[in-house]
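Visitor: Just protein.pdb, nothing more (PDB, C-alpha atoms):
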```
ATOM      1  CA  MET A   1      46.371 -27.101 -23.276
ATOM      2  CA  ARG A   2      45.465 -23.449 -22.745
ATOM      3  CA  LEU A   3      47.729 -21.241 -20.676
ATOM      4  CA  VAL A   4      48.130 -17.473 -20.446
ATOM      5  CA  GLY A   5      50.656 -14.967 -19.080
ATOM      6  CA  ASP A   6      50.654 -11.182 -19.083
ATOM      7  CA  ASP A   7      52.784  -8.208 -18.128
ATOM      8  CA  VAL A   8      52.152  -4.469 -17.996
ATOM      9  CA  VAL A   9      54.787  -1.708 -17.986
ATOM     10  CA  ASP A  10      54.258   1.909 -16.921
ATOM     11  CA  LEU A  11      56.287   3.899 -19.443
ATOM     12  CA  ASP A  12      56.259   7.006 -17.238
ATOM     13  CA  ASP A  13      58.032   5.236 -14.381
ATOM     14  CA  PRO A  14      61.401   7.019 -14.054
ATOM     15  CA  ALA A  15      63.075   3.614 -13.700
ATOM     16  CA  VAL A  16      62.318   2.746 -17.327
ATOM     17  CA  ALA A  17      63.120   6.160 -18.749
ATOM     18  CA  GLY A  18      66.556   5.590 -20.198
ATOM     19  CA  SER A  19      66.841   1.830 -20.485
ATOM     20  CA  HIS A  20      66.533   1.870 -24.261
ATOM     21  CA  LEU A  21      69.643   4.040 -24.344
ATOM     22  CA  ARG A  22      71.707   1.710 -22.163
ATOM     23  CA  GLU A  23      73.534  -0.662 -24.452
ATOM     24  CA  ARG A  24      74.213  -3.272 -21.775
ATOM     25  CA  PHE A  25      70.574  -3.310 -20.683
ATOM     26  CA  VAL A  26      69.413  -3.806 -24.261
ATOM     27  CA  ALA A  27      72.065  -6.472 -24.869
ATOM     28  CA  ARG A  28      70.988  -8.358 -21.744
ATOM     29  CA  VAL A  29      67.310  -8.322 -22.676
ATOM     30  CA  CYS A  30      67.185  -8.531 -26.472
ATOM     31  CA  SER A  31      68.317 -10.959 -29.135
ATOM     32  CA  ALA A  32      70.416  -9.740 -32.057
ATOM     33  CA  ALA A  33      67.340  -9.515 -34.268
ATOM     34  CA  GLU A  34      65.451  -7.543 -31.638
ATOM     35  CA  ARG A  35      68.378  -5.168 -31.189
ATOM     36  CA  ALA A  36      68.389  -4.526 -34.938
ATOM     37  CA  GLN A  37      64.658  -3.834 -34.805
ATOM     38  CA  LEU A  38      65.180  -1.425 -31.907
ATOM     39  CA  ALA A  39      67.943   0.406 -33.702
ATOM     40  CA  ALA A  40      65.554   1.161 -36.566
ATOM     41  CA  ALA A  41      62.500   1.909 -34.422
ATOM     42  CA  ARG A  42      60.807   5.309 -34.410
ATOM     43  CA  ASP A  43      59.953   4.849 -30.725
ATOM     44  CA  PRO A  44      62.659   2.587 -29.283
ATOM     45  CA  LYS A  45      61.540   3.097 -25.688
ATOM     46  CA  ARG A  46      58.029   1.838 -26.385
ATOM     47  CA  LEU A  47      59.349  -1.037 -28.484
ATOM     48  CA  LEU A  48      61.911  -2.102 -25.862
ATOM     49  CA  TRP A  49      59.270  -2.297 -23.152
ATOM     50  CA  SER A  50      56.850  -4.031 -25.500
ATOM     51  CA  LEU A  51      59.505  -6.685 -26.086
ATOM     52  CA  PHE A  52      60.272  -6.854 -22.380
ATOM     53  CA  ALA A  53      56.614  -7.264 -21.416
ATOM     54  CA  ALA A  54      56.185  -9.929 -24.105
ATOM     55  CA  LYS A  55      59.103 -11.909 -22.682
ATOM     56  CA  GLU A  56      57.796 -11.629 -19.122
ATOM     57  CA  ALA A  57      54.344 -12.762 -20.253
ATOM     58  CA  ALA A  58      55.820 -15.706 -22.137
ATOM     59  CA  PHE A  59      57.974 -16.631 -19.130
ATOM     60  CA  LYS A  60      54.832 -16.969 -17.025
ATOM     61  CA  VAL A  61      53.348 -19.408 -19.542
ATOM     62  CA  VAL A  62      56.533 -21.455 -19.833
ATOM     63  CA  SER A  63      56.835 -21.577 -16.041
ATOM     64  CA  LYS A  64      53.334 -23.029 -15.823
ATOM     65  CA  LEU A  65      54.271 -25.634 -18.401
ATOM     66  CA  ALA A  66      57.388 -26.466 -16.441
ATOM     67  CA  LEU A  67      55.312 -26.972 -13.297
ATOM     68  CA  GLY A  68      53.586 -29.818 -15.100
ATOM     69  CA  ALA A  69      56.833 -30.997 -16.729
ATOM     70  CA  GLN A  70      55.218 -30.388 -20.108
ATOM     71  CA  LEU A  71      58.062 -28.498 -21.710
ATOM     72  CA  PRO A  72      58.734 -29.693 -25.246
ATOM     73  CA  GLY A  73      61.680 -32.004 -25.558
ATOM     74  CA  GLY A  74      60.908 -33.445 -22.141
ATOM     75  CA  GLY A  75      62.639 -30.578 -20.389
ATOM     76  CA  GLY A  76      61.736 -30.673 -16.733
ATOM     77  CA  GLY A  77      62.286 -28.038 -14.093
ATOM     78  CA  PRO A  78      61.780 -24.336 -14.335
ATOM     79  CA  PRO A  79      63.095 -22.396 -17.311
ATOM     80  CA  VAL A  80      65.975 -19.997 -16.848
ATOM     81  CA  PHE A  81      64.503 -16.539 -16.987
ATOM     82  CA  ALA A  82      66.946 -15.148 -19.481
ATOM     83  CA  HIS A  83      65.132 -12.498 -21.466
ATOM     84  CA  ARG A  84      67.283 -13.095 -24.537
ATOM     85  CA  ARG A  85      66.051 -16.693 -24.768
ATOM     86  CA  PHE A  86      62.503 -15.482 -25.301
ATOM     87  CA  GLU A  87      62.575 -14.190 -28.850
ATOM     88  CA  VAL A  88      59.744 -11.951 -29.949
ATOM     89  CA  ALA A  89      58.674 -11.975 -33.595
ATOM     90  CA  ARG A  90      59.135  -8.727 -35.468
ATOM     91  CA  SER A  91      55.345  -8.553 -35.888
ATOM     92  CA  LEU A  92      54.875  -8.753 -32.086
ATOM     93  CA  ARG A  93      52.444 -11.611 -32.691
ATOM     94  CA  SER A  94      54.447 -14.511 -31.261
ATOM     95  CA  VAL A  95      57.231 -15.350 -28.821
ATOM     96  CA  ARG A  96      59.550 -18.295 -29.226
ATOM     97  CA  TYR A  97      61.242 -20.127 -26.331
ATOM     98  CA  ALA A  98      63.388 -22.997 -27.572
ATOM     99  CA  PRO A  99      61.034 -25.087 -29.780
ATOM    100  CA  LEU A 100      57.927 -23.607 -28.190
ATOM    101  CA  GLU A 101      55.999 -20.835 -29.942
ATOM    102  CA  LEU A 102      53.419 -18.807 -28.068
ATOM    103  CA  ALA A 103      50.817 -16.464 -29.516
ATOM    104  CA  LEU A 104      51.237 -12.848 -28.472
ATOM    105  CA  ARG A 105      49.149  -9.701 -28.292
ATOM    106  CA  VAL A 106      50.824  -6.407 -27.414
ATOM    107  CA  THR A 107      48.733  -3.332 -26.698
ATOM    108  CA  ALA A 108      50.409   0.052 -26.389
ATOM    109  CA  ARG A 109      48.349   3.020 -25.283
ATOM    110  CA  GLY A 110      49.476   6.373 -23.921
ATOM    111  CA  SER A 111      51.924   5.622 -21.142
ATOM    112  CA  TRP A 112      51.567   1.848 -20.819
ATOM    113  CA  VAL A 113      52.213  -1.316 -22.756
ATOM    114  CA  HIS A 114      50.553  -4.629 -21.987
ATOM    115  CA  ALA A 115      51.610  -7.980 -23.399
ATOM    116  CA  VAL A 116      49.568 -11.188 -23.296
ATOM    117  CA  ALA A 117      51.153 -14.484 -24.358
ATOM    118  CA  TRP A 118      49.260 -17.731 -24.583
ATOM    119  CA  LEU A 119      49.084 -21.318 -25.724
ATOM    120  CA  GLY A 120      45.948 -22.809 -27.190
ATOM    121  CA  ASP A 121      43.240 -22.164 -29.713
ATOM    122  CA  LEU A 122      41.402 -19.328 -27.960
ATOM    123  CA  GLU A 123      42.523 -15.732 -27.570
ATOM    124  CA  PRO A 124      42.493 -14.585 -23.944
ATOM    125  CA  SER A 125      40.396 -11.802 -22.466
ATOM    126  CA  SER A 126      42.494  -9.076 -20.848
ATOM    127  CA  ALA A 127      42.428  -5.505 -19.619
ATOM    128  CA  VAL A 128      44.558  -2.783 -18.069
ATOM    129  CA  ALA A 129      43.244  -0.499 -15.313
ATOM    130  CA  ALA A 130      44.630   2.508 -13.502
ATOM    131  CA  LEU A 131      45.771   1.904  -9.938
ATOM    132  CA  PRO A 132      43.838   4.197  -7.583
ATOM    133  CA  GLU A 133      45.970   6.541  -5.450
ATOM    134  CA  GLY A 134      47.294   4.562  -2.480
ATOM    135  CA  GLY A 135      45.821   1.295  -3.752
ATOM    136  CA  ASP A 136      47.544  -2.034  -3.221
ATOM    137  CA  PRO A 137      48.411  -3.152  -6.765
ATOM    138  CA  SER A 138      48.055  -6.872  -6.048
ATOM    139  CA  ARG A 139      44.616  -6.442  -4.476
ATOM    140  CA  VAL A 140      43.406  -4.122  -7.218
ATOM    141  CA  ALA A 141      44.622  -6.451  -9.977
ATOM    142  CA  ARG A 142      42.851  -9.404  -8.329
ATOM    143  CA  ALA A 143      39.665  -7.396  -7.894
ATOM    144  CA  ARG A 144      39.635  -6.354 -11.549
ATOM    145  CA  LEU A 145      40.255  -9.944 -12.648
ATOM    146  CA  LEU A 146      37.429 -11.295 -10.516
ATOM    147  CA  GLU A 147      35.049  -8.603 -11.770
ATOM    148  CA  SER A 148      35.855  -9.684 -15.293
ATOM    149  CA  LEU A 149      35.256 -13.330 -14.401
ATOM    150  CA  GLY A 150      31.871 -12.740 -12.868
ATOM    151  CA  GLY A 151      32.683 -11.630  -9.356
ATOM    152  CA  ALA A 152      30.547 -13.098  -6.622
ATOM    153  CA  GLY A 153      31.994 -15.969  -4.649
ATOM    154  CA  LEU A 154      35.316 -15.975  -6.480
ATOM    155  CA  GLU A 155      38.759 -15.648  -4.955
ATOM    156  CA  VAL A 156      42.312 -15.692  -6.262
ATOM    157  CA  VAL A 157      44.778 -17.925  -4.449
ATOM    158  CA  ARG A 158      48.538 -18.072  -4.851
ATOM    159  CA  ALA A 159      50.004 -20.900  -2.834
ATOM    160  CA  PRO A 160      53.557 -20.553  -1.500
ATOM    161  CA  ARG A 161      56.017 -22.359  -3.739
ATOM    162  CA  PRO A 162      59.642 -22.113  -2.584
ATOM    163  CA  GLY A 163      62.080 -21.877  -5.458
ATOM    164  CA  SER A 164      59.732 -20.184  -7.877
ATOM    165  CA  TRP A 165      60.692 -16.753  -9.189
ATOM    166  CA  ASP A 166      58.678 -14.896  -6.538
ATOM    167  CA  GLY A 167      58.110 -17.656  -4.009
ATOM    168  CA  PHE A 168      54.546 -18.409  -5.084
ATOM    169  CA  ALA A 169      52.783 -20.750  -7.479
ATOM    170  CA  PRO A 170      50.800 -19.205 -10.364
ATOM    171  CA  PRO A 171      47.418 -17.739  -9.358
ATOM    172  CA  LEU A 172      44.331 -19.940  -9.362
ATOM    173  CA  VAL A 173      40.705 -18.863  -9.139
ATOM    174  CA  PHE A 174      38.332 -20.649  -6.803
ATOM    175  CA  ARG A 175      34.587 -20.431  -6.352
ATOM    176  CA  ARG A 176      33.650 -21.491  -2.832
ATOM    177  CA  GLY A 177      36.745 -23.634  -2.585
ATOM    178  CA  VAL A 178      36.412 -25.277  -5.981
ATOM    179  CA  PRO A 179      39.030 -24.375  -8.604
ATOM    180  CA  LEU A 180      37.646 -22.955 -11.821
ATOM    181  CA  ALA A 181      38.815 -24.315 -15.140
ATOM    182  CA  VAL A 182      40.259 -20.979 -16.139
ATOM    183  CA  ASP A 183      43.897 -19.988 -16.417
ATOM    184  CA  VAL A 184      44.699 -16.465 -15.252
ATOM    185  CA  SER A 185      47.578 -14.030 -15.106
ATOM    186  CA  LEU A 186      48.025 -10.862 -13.062
ATOM    187  CA  SER A 187      50.528  -8.045 -13.377
ATOM    188  CA  HIS A 188      51.155  -4.527 -12.173
ATOM    189  CA  ASP A 189      53.708  -1.802 -12.660
ATOM    190  CA  GLY A 190      53.715   1.787 -11.477
ATOM    191  CA  ARG A 191      50.262   3.287 -11.936
ATOM    192  CA  TYR A 192      48.717   0.323 -13.729
ATOM    193  CA  VAL A 193      47.352  -3.138 -13.030
ATOM    194  CA  ALA A 194      46.401  -5.731 -15.617
ATOM    195  CA  PHE A 195      45.068  -9.238 -16.006
ATOM    196  CA  ALA A 196      44.351 -11.889 -18.604
ATOM    197  CA  HIS A 197      42.259 -15.042 -18.474
ATOM    198  CA  LEU A 198      41.502 -17.985 -20.649
ATOM    199  CA  PRO A 199      39.245 -21.019 -20.124
ATOM    200  CA  CYS A 200      41.330 -24.159 -19.729
ATOM    201  CA  ARG A 201      38.671 -26.346 -21.316
ATOM    202  CA  SER A 202      35.551 -25.819 -23.391
ATOM    203  CA  ALA A 203      33.744 -22.595 -22.502
ATOM    204  CA  SER A 204      30.656 -24.735 -21.932
ATOM    205  CA  GLY A 205      32.342 -26.302 -18.912
ATOM    206  CA  ASP A 206      32.690 -24.662 -15.531
ATOM    207  CA  ALA A 207      34.290 -21.461 -16.706
ATOM    208  CA  PRO A 208      32.576 -18.284 -15.483
ATOM    209  CA  GLY A 209      29.643 -16.866 -17.376
ATOM    210  CA  ASN A 210      30.942 -13.666 -18.863
ATOM    211  CA  HIS A 211      33.807 -15.122 -20.853
ATOM    212  CA  SER A 212      34.052 -13.990 -24.409
ATOM    213  CA  PRO A 213      37.284 -15.533 -25.658
ATOM    214  CA  ARG A 214      37.647 -15.652 -29.396
ATOM    215  CA  ARG A 215      39.259 -18.117 -31.721
ATOM    216  CA  SER A 216      42.808 -16.984 -32.349
ATOM    217  CA  SER A 217      42.289 -16.999 -36.080
ATOM    218  CA  SER A 218      39.534 -14.387 -35.820
ATOM    219  CA  ARG A 219      41.912 -11.585 -34.847
ATOM    220  CA  PRO A 220      43.896  -9.310 -37.145
ATOM    221  CA  GLY A 221      47.629  -8.997 -36.687
ATOM    222  CA  GLY A 222      49.829  -6.247 -35.295
ATOM    223  CA  LEU A 223      48.962  -4.156 -32.241
ATOM    224  CA  TYR A 224      45.587  -4.852 -30.685
ATOM    225  CA  GLU A 225      42.875  -3.131 -28.753
ATOM    226  CA  HIS A 226      42.306  -4.631 -25.368
ATOM    227  CA  HIS A 227      39.243  -6.729 -24.894
TER     228      HIS A 227
ATOM    229  CA  MET B   1      85.958  -9.134   0.824
ATOM    230  CA  GLU B   2      83.898 -10.109   3.868
ATOM    231  CA  GLN B   3      80.294 -11.257   3.670
ATOM    232  CA  GLN B   4      79.072  -8.284   5.717
ATOM    233  CA  GLN B   5      80.824  -5.823   3.430
ATOM    234  CA  VAL B   6      79.313  -7.446   0.374
ATOM    235  CA  MET B   7      75.879  -7.507   1.951
ATOM    236  CA  GLY B   8      76.094  -3.815   2.847
ATOM    237  CA  LYS B   9      77.009  -2.981  -0.709
ATOM    238  CA  VAL B  10      74.235  -5.170  -2.113
ATOM    239  CA  VAL B  11      71.684  -3.429   0.103
ATOM    240  CA  GLU B  12      72.836  -0.054  -1.201
ATOM    241  CA  ILE B  13      72.520  -1.316  -4.780
ATOM    242  CA  LEU B  14      68.991  -2.549  -4.047
ATOM    243  CA  ARG B  15      67.856   0.605  -2.225
ATOM    244  CA  PRO B  16      66.774   2.702  -5.260
ATOM    245  CA  PHE B  17      64.777  -0.211  -6.681
ATOM    246  CA  VAL B  18      62.956  -1.210  -3.507
ATOM    247  CA  LYS B  19      59.244  -0.387  -3.245
ATOM    248  CA  ASN B  20      59.140  -1.306   0.413
ATOM    249  CA  PRO B  21      62.004   0.704   2.013
ATOM    250  CA  ASP B  22      60.939  -0.310   5.533
ATOM    251  CA  ALA B  23      61.861  -3.889   4.686
ATOM    252  CA  LEU B  24      65.467  -2.800   4.227
ATOM    253  CA  ASN B  25      65.638  -1.959   7.949
ATOM    254  CA  ALA B  26      65.229  -5.632   8.780
ATOM    255  CA  VAL B  27      67.083  -7.042   5.804
ATOM    256  CA  SER B  28      68.783 -10.411   6.216
ATOM    257  CA  MET B  29      70.358 -13.041   4.007
ATOM    258  CA  ASP B  30      66.908 -14.671   3.753
ATOM    259  CA  THR B  31      65.111 -11.541   2.567
ATOM    260  CA  SER B  32      63.396 -12.195  -0.763
ATOM    261  CA  ILE B  33      64.206  -9.504  -3.291
ATOM    262  CA  LEU B  34      60.877  -9.781  -5.089
ATOM    263  CA  ARG B  35      58.484 -10.808  -2.332
ATOM    264  CA  ASP B  36      59.834  -8.945   0.708
ATOM    265  CA  LEU B  37      61.487  -5.906  -0.870
ATOM    266  CA  LYS B  38      58.848  -5.761  -3.614
ATOM    267  CA  VAL B  39      61.388  -5.081  -6.324
ATOM    268  CA  ASN B  40      59.669  -5.187  -9.697
ATOM    269  CA  SER B  41      60.965  -7.984 -11.892
ATOM    270  CA  ALA B  42      61.703  -5.428 -14.603
ATOM    271  CA  ARG B  43      64.261  -3.845 -12.280
ATOM    272  CA  LEU B  44      66.151  -7.087 -11.772
ATOM    273  CA  VAL B  45      68.065  -6.534 -14.988
ATOM    274  CA  ASP B  46      69.213  -3.141 -13.702
ATOM    275  CA  ILE B  47      70.241  -4.707 -10.402
ATOM    276  CA  VAL B  48      72.325  -7.376 -12.144
ATOM    277  CA  LEU B  49      74.086  -4.686 -14.178
ATOM    278  CA  GLU B  50      74.742  -2.624 -11.028
ATOM    279  CA  ILE B  51      76.208  -5.678  -9.283
ATOM    280  CA  GLU B  52      78.453  -6.395 -12.267
ATOM    281  CA  ASP B  53      79.744  -2.820 -12.191
ATOM    282  CA  ALA B  54      80.119  -2.509  -8.431
ATOM    283  CA  PHE B  55      82.019  -5.780  -7.990
ATOM    284  CA  ASP B  56      83.676  -5.957 -11.397
ATOM    285  CA  ILE B  57      82.246  -9.385 -12.144
ATOM    286  CA  ALA B  58      80.248 -10.945 -14.969
ATOM    287  CA  VAL B  59      76.935 -12.552 -14.024
ATOM    288  CA  SER B  60      75.590 -15.160 -16.445
ATOM    289  CA  ASP B  61      71.871 -15.509 -17.157
ATOM    290  CA  GLU B  62      71.824 -18.833 -15.298
ATOM    291  CA  LYS B  63      73.486 -17.348 -12.214
ATOM    292  CA  ALA B  64      71.241 -14.293 -12.282
ATOM    293  CA  ASP B  65      68.170 -16.514 -12.481
ATOM    294  CA  GLY B  66      69.232 -18.255  -9.297
ATOM    295  CA  VAL B  67      69.206 -15.064  -7.232
ATOM    296  CA  LYS B  68      65.991 -15.010  -5.201
ATOM    297  CA  THR B  69      67.232 -13.593  -1.888
ATOM    298  CA  VAL B  70      69.782 -11.062  -0.689
ATOM    299  CA  GLY B  71      71.833 -14.023   0.488
ATOM    300  CA  ASP B  72      71.774 -15.528  -3.004
ATOM    301  CA  ALA B  73      73.214 -12.289  -4.379
ATOM    302  CA  VAL B  74      75.900 -12.158  -1.688
ATOM    303  CA  SER B  75      76.881 -15.787  -2.307
ATOM    304  CA  LEU B  76      77.039 -15.243  -6.036
ATOM    305  CA  ILE B  77      79.362 -12.256  -5.575
ATOM    306  CA  LEU B  78      81.600 -13.999  -3.063
ATOM    307  CA  GLN B  79      81.951 -17.002  -5.374
ATOM    308  CA  ALA B  80      82.774 -14.787  -8.332
ATOM    309  CA  LYS B  81      85.407 -12.924  -6.311
ATOM    310  CA  ALA B  82      86.944 -16.058  -4.794
TER     311      ALA B  82
END
```
Once more with this new file: its structure as structure tokens, please.

Guide:
Amino acid sequence: MRLVGDDVVDLDDPAVAGSHLRERFVARVCSAAERAQLAAARDPKRLLWSLFAAKEAAFKVVSKLALGAQLPGGGGGPPVFAHRRFEVARSLRSVRYAPLELALRVTARGSWVHAVAWLGDLEPSSAVAALPEGGDPSRVARARLLESLGGAGLEVVRAPRPGSWDGFAPPLVFRRGVPLAVDVSLSHDGRYVAFAHLPCRSASGDAPGNHSPRRSSSRPGGLYEHH
Amino acid sequence: MEQQQVMGKVVEILRPFVKNPDALNAVSMDTSILRDLKVNSARLVDIVLEIEDAFDIAVSDEKADGVKTVGDAVSLILQAKA
């Protein structure tokens, strides 16, 4: 089982400016351990939004699991999106939701942070791109994803799904009407768009040609470069 | 408090977080906060806190998770105030 979720946050968006200073916001989003980590952080704003993005990314993965009723413990139905229930490791290398532990990569550069959470033995490919002036963030994110996957003949489809957090099922990639065996995630915030993708099965299957996912064990810990 | 009053107040709470202000002109109980108003999910936490303050209620994580539309928010508030 390989699944991926991602989330990007624009740190220059005025809406995120003072959240790290608002005790109730922090209490609503963070566990006790995370709050202690924030209190000691040199850059609490960047850390808060790194934690937040990690939780959002993990939520996307857990939601996909829930769609297939594959939550550990036999839990069916969608998870409650309570940020506190997604606990991020101090190292920013994993996120725990109940008994489930997801791998995590958090990249923080300049005025954005991007989190990618995943299940499985391969590390996802991902990237962040600037949103062109006046660009539609959803369209731009999809275009960047498809470029990364090999482009021609590919399309991203999100089917309506009443009851889901935004009314749609997770995105799927099709080539001429045939779904690809690749799991994908899209996100955008403010001036940035981002994506992540991961082959669902062996890379020798029908995944697109320019994949370069790596074994999880081949990566160093801590904050990562995007790739 | 009447439903219309609550809805008016909810719309005012949502206004600063909405990326699609035109959608507020045609807002209804069925309007999706994320899909139609294009509120970023990161702002939902702020909206929950604003609702708690404005209506002097406590909103649990489970209740907050169930709010998908403006009508969901109005119902949640009316139930909490009942």

Visitor: Between CA of Val173 (chain A) and CA of Gly153 (chain A), what is the distance in Å, rounded to a tenth?

Guide: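 Atom-to-atom, CA of Val173 (chain A) and CA of Gly153 (chain A) are spaced 10.2 Å apart.
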
Visitor: What do you get, as a ChimeraX atom specification, if you spell out every residue that the ChimeraX specification (/A :<12) & /B selects here?

Guide: /B:16-19,31-50,52-53,58-69,72

Visitor: Between CA of Ser31 (chain A) and CA of Glu87 (chain A), what is the distance, to one decimal in Å?

Guide: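 Here the two named atoms are 6.6 Å from each other.
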
Visitor: Restricting the calculation to all atoms listed in the file, which member of B:Asp30, B:Ile13, B:Phe55, B:Leu24 is positioned closest to Leu78 (chain B)?

Guide: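 Among the listed residues, the smallest separation from Leu78 (chain B) belongs to B:Phe55.
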
Visitor: Any idea what the distance is between CA of Met1 (chain B) and CA of Gln79 (chain B)?

Guide: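 Separating CA of Met1 (chain B) from CA of Gln79 (chain B) is a distance of 10.8 Å.
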